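Single-structure report; data block below.
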Amino acid sequence: MNWERLRPPAATLQTRLAAQACLEKLATEEIARVCSATSPYAAIQAIAQHLTQDDATHDKVCLVRASPGKQTVQAHTADGTDVAPSNISAWPLWFQDGPDRFEIPLLYLLRSESVAGLQTAIFETANRGILCNDAEITSSRWPKSVQPAVPVWLASSVNGIPYDPASGQEALAILRAAMQALYADHAPGFFYLTLHDDEDNVPAPSRDDVRDAYKGMYRLSAAFRSKAPAIRLLGAGKALGKVIRAADLLQEDWDVACEVWSCPSYTRLAREGYEVERWNMLHPLSTKKTSYIRRCLGSEQSPVLAVTGYGQHIAHQIGGVVSARFVALGADSHHGASGFPSVYWIVFTAIKALCEAGKLPMRRAEQALKRYALT
């Protein structure tokens with residue numbers, strides 16, 4: 001054995017051709033229909049099934065199933081068809097030899113609640129591939145069923161970009177963009193998606209809007225009443241459903257106009273925002289660049305409230321690149337709550353932010369506490 005070649009295959013022209021075949025399959029109406037009105041977990045499972053069973057893509061994608069999946073679904077899919085064969089590890093890629101030794105798109109389905117488990121999978125793939133962690137479909141005492149160190153490690157890992165999609169359509173849009181970046185454009189690193197299985201979490205976004213999920217955020221609804229106090233509400237993953245319900249209460253109970261944004265990756269938004277700030281600082285004579293999050297939120301001064309199912313520090317990453325009053329909420333924001341902040345707590349926090357910005361009298365915050373029995 002040539003020990004110098006004991007590493008995963010490198011990218012070649014065949015890699016780009018394999019990626020193109022997979023991307024063409026992911027762009028079909030069939031895949032779009034399967035991923036609409038479903039959860040990220042169900043969408044990724046369906047995508048994996050279609051890619052590995054389609055004649056045009058079955059040999060152009062490497063599927064690793066290191067997750068046990070749902071206990072009720074082992075050998076068959078929901079419609080009774082056999083589950084496509086797959087690897088249980090990425091290690092066989094290191095031992096490939098011959099003319100077929102070239103990188104192909106890697107979809108790694110795993111379940112890990114710890115940093116150690118993720119590091120093991122990422123080492124197997126040599127910091128490459130699209131990793132999808134379905135730990136959130138299980139019950140756990142940890143927020144989003146992973147240890148608190150996991151989102152911190154992912155946010156600080158410069159080799160990877162973590163995403164928390166809210167819907168199957170978001171998961172599909174992110175997967176397509178990640179495959180394009182890694183295997184067609186040969187970008188370095190890996191992509192990480194956390195998968196939940198709530199199917200009725202959010203309304204279906206338009207196809208044009210959801211394409212921007214890969215960039216970190218896109219708008220779900222605009223605030224139309226110009227004379228009413230307004231707030232921008234940001235949510236990621238399962239938390240987005242609570243943000244949408246909170247927006248309804250703010251409009252119905254307090255006459256507050258709400259602009260709702262889905263933010264699948266606070267980390268990507270923060271990194272790009274700070275990179276742009278650093279570039280502007282080092283190029284004082286050049287035309288200043290504008291980060292994607294600033295282009296989205298603009299120069300308006302209505303408060304911004306960002307919500308995540310992880311600890312609030314994950315959402316707080318973008319605080320330094322938001323020009324308006326900013327508040328972050330997470331699983332650790334309210335000591336009396338377990339898991340996500342409640343819809344009522346999100347409403348109260350939004351009211352308080354508007355009061356502190358001078359948009360509402362401070363007595364409204366006290367009224368919200370009493371109305372929703374939060375004290």
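Going by the structure tokens order, chains are called A, B, ..., each with residues numbered from 1, while ligands are numbered from 1 in the order shown.
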
For Ala37 (chain A), list every protein, DNA or RNA residue within 8 Å, evaluated using only C-alpha atoms, and leave out those in the same chain fewer than 3 positions away; present the list as a ChimeraX atom specification. /A:167-169,199-200,203-204

With DSSP run on the backbone, what are the strand (DSSP E or B) residues within region 130-313 of chain A? I'd like them as a VMD selection string. chain A and resid 130 to 133 160 to 163 190 to 194 218 to 221 230 to 235 257 to 262 304 to 307

Given only C-alpha atoms as the basis, pick out the residue of A:Gly69, A:Ala171, A:Ala18, A:Pro162 nearest to Ala32 (chain A). A:Ala171

Using only C-alpha atoms, which residue out of A:Ser206, A:Gln45, A:Ser262, A:Thr349 lies closest to Ile231 (chain A)?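 Among the listed residues, A:Thr349 lies closest to Ile231 (chain A).
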
If you run DSSP on this backbone, which residues of region 206-360 of chain A come out as helix (DSSP H, G or I), and could you give them as a VMD selection string? chain A and resid 207 to 215 239 to 254 266 to 282 292 to 297 312 to 321 343 to 356

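The interatomic distance for the pair CA of Asp55 (chain A) and CA of Glu124 (chain A) works out to 27.3 Å.
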
Between CA of Ala222 (chain A) and CA of Cys258 (chain A), what is the spacing in Å?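 Separating CA of Cys258 (chain A) from CA of Ala222 (chain A) is a distance of 7.0 Å.
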
I'd like the contact shell of Ala223 (chain A) - 9 Å cut-off, only C-alpha atoms, skipping same-chain residues fewer than 5 positions apart - returned as a list in words.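 Here the answer would be Ala230, Ile231, Arg232, Ala257, Cys258, Glu259 and Val260 of chain A.
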
Residues from the last selection, all heavy atoms, saved as a PDB file, in the first residue's frame:
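What landed in result22.pdb:
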ATOM      1  N   ALA A 230     -42.533  49.872  15.451  1.00  0.00           N
ATOM      2  CA  ALA A 230     -42.089  48.707  14.663  1.00  0.00           C
ATOM      3  C   ALA A 230     -40.870  48.063  15.296  1.00  0.00           C
ATOM      4  O   ALA A 230     -40.047  48.724  15.942  1.00  0.00           O
ATOM      5  CB  ALA A 230     -41.778  49.128  13.225  1.00  0.00           C
ATOM      6  N   ILE A 231     -40.770  46.754  15.090  1.00  0.00           N
ATOM      7  CA  ILE A 231     -39.618  45.997  15.580  1.00  0.00           C
ATOM      8  C   ILE A 231     -39.275  44.930  14.557  1.00  0.00           C
ATOM      9  O   ILE A 231     -40.149  44.417  13.854  1.00  0.00           O
ATOM     10  CB  ILE A 231     -39.906  45.370  16.965  1.00  0.00           C
ATOM     11  CG1 ILE A 231     -38.618  44.786  17.566  1.00  0.00           C
ATOM     12  CG2 ILE A 231     -41.005  44.307  16.880  1.00  0.00           C
ATOM     13  CD1 ILE A 231     -38.745  44.435  19.041  1.00  0.00           C
ATOM     14  N   ARG A 232     -37.985  44.617  14.436  1.00  0.00           N
ATOM     15  CA  ARG A 232     -37.542  43.528  13.572  1.00  0.00           C
ATOM     16  C   ARG A 232     -37.311  42.298  14.431  1.00  0.00           C
ATOM     17  O   ARG A 232     -36.536  42.347  15.400  1.00  0.00           O
ATOM     18  CB  ARG A 232     -36.243  43.900  12.853  1.00  0.00           C
ATOM     19  CG  ARG A 232     -36.410  44.668  11.554  1.00  0.00           C
ATOM     20  CD  ARG A 232     -36.603  46.152  11.768  1.00  0.00           C
ATOM     21  NE  ARG A 232     -35.491  46.828  12.396  1.00  0.00           N
ATOM     22  CZ  ARG A 232     -34.387  47.258  11.751  1.00  0.00           C
ATOM     23  NH1 ARG A 232     -34.282  47.054  10.459  1.00  0.00           N
ATOM     24  NH2 ARG A 232     -33.439  47.917  12.387  1.00  0.00           N
ATOM     25  N   ALA A 257     -46.083  46.891  14.777  1.00  0.00           N
ATOM     26  CA  ALA A 257     -45.776  46.337  13.452  1.00  0.00           C
ATOM     27  C   ALA A 257     -44.490  45.521  13.528  1.00  0.00           C
ATOM     28  O   ALA A 257     -43.500  45.957  14.116  1.00  0.00           O
ATOM     29  CB  ALA A 257     -45.617  47.462  12.441  1.00  0.00           C
ATOM     30  N   CYS A 258     -44.516  44.332  12.948  1.00  0.00           N
ATOM     31  CA  CYS A 258     -43.378  43.418  13.048  1.00  0.00           C
ATOM     32  C   CYS A 258     -42.862  43.018  11.676  1.00  0.00           C
ATOM     33  O   CYS A 258     -43.640  42.675  10.782  1.00  0.00           O
ATOM     34  CB  CYS A 258     -43.776  42.151  13.813  1.00  0.00           C
ATOM     35  SG  CYS A 258     -44.283  42.447  15.515  1.00  0.00           S
ATOM     36  N   GLU A 259     -41.557  43.057  11.530  1.00  0.00           N
ATOM     37  CA  GLU A 259     -40.883  42.534  10.344  1.00  0.00           C
ATOM     38  C   GLU A 259     -40.174  41.267  10.789  1.00  0.00           C
ATOM     39  O   GLU A 259     -39.358  41.288  11.713  1.00  0.00           O
ATOM     40  CB  GLU A 259     -39.880  43.561   9.829  1.00  0.00           C
ATOM     41  CG  GLU A 259     -39.260  43.212   8.501  1.00  0.00           C
ATOM     42  CD  GLU A 259     -38.389  44.344   7.984  1.00  0.00           C
ATOM     43  OE1 GLU A 259     -37.200  44.389   8.377  1.00  0.00           O
ATOM     44  OE2 GLU A 259     -38.898  45.187   7.228  1.00  0.00           O
ATOM     45  N   VAL A 260     -40.470  40.136  10.151  1.00  0.00           N
ATOM     46  CA  VAL A 260     -39.957  38.843  10.591  1.00  0.00           C
ATOM     47  C   VAL A 260     -38.923  38.333   9.588  1.00  0.00           C
ATOM     48  O   VAL A 260     -39.164  38.309   8.384  1.00  0.00           O
ATOM     49  CB  VAL A 260     -41.094  37.816  10.744  1.00  0.00           C
ATOM     50  CG1 VAL A 260     -40.533  36.452  11.174  1.00  0.00           C
ATOM     51  CG2 VAL A 260     -42.120  38.307  11.768  1.00  0.00           C
TER      52      VAL A 260
END

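Using only C-alpha atoms, the protein and nucleic acid residues lying no more than 12 Å from Ala357 (chain A), apart from those fewer than 6 places from it along its own chain, are A:Pro229, A:Ala230, A:Ile231, A:Gln301, A:Ser302, A:Pro303, A:Val304, A:Ala324, A:Arg325, A:Phe326, A:Val327, A:Ala350, A:Ile351.
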
Selected residues, N, CA, C and O atoms, written as a compact mmCIF listing (two decimals), in the first residue's frame, please.
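See selection.txt below for the written result:
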# COMPACT_ATOMS: atom_id res chain seq x y z
N PRO A 229 -45.53 51.65 16.11
CA PRO A 229 -44.19 51.27 16.56
C PRO A 229 -43.78 49.97 15.86
O PRO A 229 -44.61 49.06 15.71
N ALA A 230 -42.53 49.87 15.45
CA ALA A 230 -42.09 48.71 14.66
C ALA A 230 -40.87 48.06 15.30
O ALA A 230 -40.05 48.72 15.94
N ILE A 231 -40.77 46.75 15.09
CA ILE A 231 -39.62 46.00 15.58
C ILE A 231 -39.28 44.93 14.56
O ILE A 231 -40.15 44.42 13.85
N GLN A 301 -33.82 52.50 12.56
CA GLN A 301 -33.46 52.44 13.97
C GLN A 301 -34.49 51.69 14.81
O GLN A 301 -34.40 51.71 16.03
N SER A 302 -35.46 51.04 14.17
CA SER A 302 -36.39 50.22 14.96
C SER A 302 -35.61 49.05 15.55
O SER A 302 -34.73 48.48 14.89
N PRO A 303 -35.91 48.66 16.79
CA PRO A 303 -35.11 47.63 17.48
C PRO A 303 -35.09 46.30 16.74
O PRO A 303 -35.99 45.97 15.96
N VAL A 304 -34.04 45.53 17.01
CA VAL A 304 -33.88 44.19 16.44
C VAL A 304 -33.80 43.18 17.57
O VAL A 304 -32.99 43.34 18.49
N ALA A 324 -28.97 49.30 14.90
CA ALA A 324 -30.10 49.67 15.76
C ALA A 324 -29.96 49.03 17.13
O ALA A 324 -29.06 48.22 17.38
N ARG A 325 -30.86 49.40 18.06
CA ARG A 325 -30.90 48.75 19.37
C ARG A 325 -31.09 47.26 19.18
O ARG A 325 -31.97 46.82 18.43
N PHE A 326 -30.27 46.45 19.86
CA PHE A 326 -30.25 45.01 19.62
C PHE A 326 -30.43 44.23 20.92
O PHE A 326 -29.85 44.58 21.94
N VAL A 327 -31.26 43.18 20.86
CA VAL A 327 -31.48 42.29 21.99
C VAL A 327 -31.43 40.86 21.48
O VAL A 327 -31.97 40.55 20.41
N ALA A 350 -39.74 42.09 23.36
CA ALA A 350 -39.93 43.04 22.26
C ALA A 350 -40.54 44.34 22.76
O ALA A 350 -40.11 45.44 22.38
N ILE A 351 -41.56 44.23 23.64
CA ILE A 351 -42.20 45.42 24.20
C ILE A 351 -41.18 46.24 25.00
O ILE A 351 -41.11 47.47 24.88

Show me, as a PyMOL selection string, the residues that have an atom within 6 Å of Gly189 (chain A) when counting only C-alpha atoms, minus same-chain residues fewer than 6 positions from it. chain A and resi 127-128+159-160

What lies within 7 Å of region 178-181 of chain A using only C-alpha atoms, ignoring chain neighbours under 4 positions off, as number ranges by chain? A: 19, 105, 174, 185-187, 191

If you keep all heavy atoms, can you produce a file of those selected residues as a PDB file, in the first residue's frame?
ATOM      1  N   ALA A  19     -20.800  16.825  -8.938  1.00  0.00           N
ATOM      2  CA  ALA A  19     -21.591  17.835  -8.237  1.00  0.00           C
ATOM      3  C   ALA A  19     -22.685  18.390  -9.131  1.00  0.00           C
ATOM      4  O   ALA A  19     -23.814  18.619  -8.688  1.00  0.00           O
ATOM      5  CB  ALA A  19     -20.687  18.957  -7.736  1.00  0.00           C
ATOM      6  N   PRO A 105     -19.353  14.528  -3.952  1.00  0.00           N
ATOM      7  CA  PRO A 105     -20.103  15.140  -2.859  1.00  0.00           C
ATOM      8  C   PRO A 105     -20.367  14.156  -1.719  1.00  0.00           C
ATOM      9  O   PRO A 105     -20.768  13.008  -1.953  1.00  0.00           O
ATOM     10  CB  PRO A 105     -21.402  15.584  -3.530  1.00  0.00           C
ATOM     11  CG  PRO A 105     -21.005  15.849  -4.946  1.00  0.00           C
ATOM     12  CD  PRO A 105     -19.967  14.816  -5.267  1.00  0.00           C
ATOM     13  N   ILE A 174     -29.999  25.477   1.447  1.00  0.00           N
ATOM     14  CA  ILE A 174     -28.661  25.483   2.027  1.00  0.00           C
ATOM     15  C   ILE A 174     -27.828  24.338   1.470  1.00  0.00           C
ATOM     16  O   ILE A 174     -26.643  24.503   1.139  1.00  0.00           O
ATOM     17  CB  ILE A 174     -28.749  25.409   3.564  1.00  0.00           C
ATOM     18  CG1 ILE A 174     -29.394  26.681   4.117  1.00  0.00           C
ATOM     19  CG2 ILE A 174     -27.372  25.202   4.181  1.00  0.00           C
ATOM     20  CD1 ILE A 174     -29.831  26.568   5.564  1.00  0.00           C
ATOM     21  N   ASP A 185     -17.353  24.815  -6.953  1.00  0.00           N
ATOM     22  CA  ASP A 185     -16.417  25.943  -6.857  1.00  0.00           C
ATOM     23  C   ASP A 185     -15.159  25.602  -6.073  1.00  0.00           C
ATOM     24  O   ASP A 185     -14.264  26.441  -5.941  1.00  0.00           O
ATOM     25  CB  ASP A 185     -17.117  27.140  -6.202  1.00  0.00           C
ATOM     26  CG  ASP A 185     -18.351  27.576  -6.975  1.00  0.00           C
ATOM     27  OD1 ASP A 185     -18.408  27.313  -8.191  1.00  0.00           O
ATOM     28  OD2 ASP A 185     -19.262  28.161  -6.357  1.00  0.00           O
ATOM     29  N   HIS A 186     -15.112  24.400  -5.467  1.00  0.00           N
ATOM     30  CA  HIS A 186     -13.951  23.902  -4.723  1.00  0.00           C
ATOM     31  C   HIS A 186     -13.575  24.794  -3.541  1.00  0.00           C
ATOM     32  O   HIS A 186     -12.391  25.047  -3.278  1.00  0.00           O
ATOM     33  CB  HIS A 186     -12.740  23.716  -5.649  1.00  0.00           C
ATOM     34  CG  HIS A 186     -12.983  22.780  -6.788  1.00  0.00           C
ATOM     35  ND1 HIS A 186     -13.544  21.528  -6.627  1.00  0.00           N
ATOM     36  CD2 HIS A 186     -12.745  22.909  -8.123  1.00  0.00           C
ATOM     37  CE1 HIS A 186     -13.642  20.923  -7.792  1.00  0.00           C
ATOM     38  NE2 HIS A 186     -13.174  21.746  -8.726  1.00  0.00           N
ATOM     39  N   ALA A 187     -14.568  25.297  -2.838  1.00  0.00           N
ATOM     40  CA  ALA A 187     -14.302  26.065  -1.617  1.00  0.00           C
ATOM     41  C   ALA A 187     -13.824  25.107  -0.521  1.00  0.00           C
ATOM     42  O   ALA A 187     -14.245  23.947  -0.473  1.00  0.00           O
ATOM     43  CB  ALA A 187     -15.563  26.793  -1.172  1.00  0.00           C
ATOM     44  N   PHE A 191     -19.763  22.148   5.831  1.00  0.00           N
ATOM     45  CA  PHE A 191     -21.015  22.779   6.220  1.00  0.00           C
ATOM     46  C   PHE A 191     -21.728  21.870   7.208  1.00  0.00           C
ATOM     47  O   PHE A 191     -21.693  20.642   7.067  1.00  0.00           O
ATOM     48  CB  PHE A 191     -21.905  23.036   4.996  1.00  0.00           C
ATOM     49  CG  PHE A 191     -21.410  24.142   4.115  1.00  0.00           C
ATOM     50  CD1 PHE A 191     -20.372  23.931   3.218  1.00  0.00           C
ATOM     51  CD2 PHE A 191     -21.971  25.408   4.192  1.00  0.00           C
ATOM     52  CE1 PHE A 191     -19.899  24.948   2.411  1.00  0.00           C
ATOM     53  CE2 PHE A 191     -21.498  26.440   3.386  1.00  0.00           C
ATOM     54  CZ  PHE A 191     -20.472  26.203   2.495  1.00  0.00           C
TER      55      PHE A 191
END

Which residue, A:Tyr310, A:Trp254, A:Tyr183, A:Phe190, has the smallest gap to Val158 (chain A) when you use only C-alpha atoms?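 Of A:Tyr310, A:Trp254, A:Tyr183, A:Phe190, the one nearest Val158 (chain A) is A:Phe190, counting only C-alpha atoms.
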
Tell me, as an MDAnalysis selection string, which residues lie within 9 Å of Pro148 (chain A), counting only C-alpha atoms; anything in the same chain fewer than 3 positions away does not count. chainID A and resid 114 142:143 151:152 310:311

From the list A:Ala121, A:Ala270, A:Leu17, A:Glu113, which residue is nearest Ser139 (chain A) when using only C-alpha atoms?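 For Ser139 (chain A), the nearest of the candidates is A:Glu113.
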
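The nearest approach to Tyr266 (chain A) among the residues A:Phe123, A:Tyr372, A:Tyr292, A:Phe102, with only C-alpha atoms taken into account, belongs to A:Tyr292.
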
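When only C-alpha atoms are used to compute distances to Thr12 (chain A), the closest of the residues A:Ala213, A:Val202, A:Ala184, A:Leu118 turns out to be A:Ala184.
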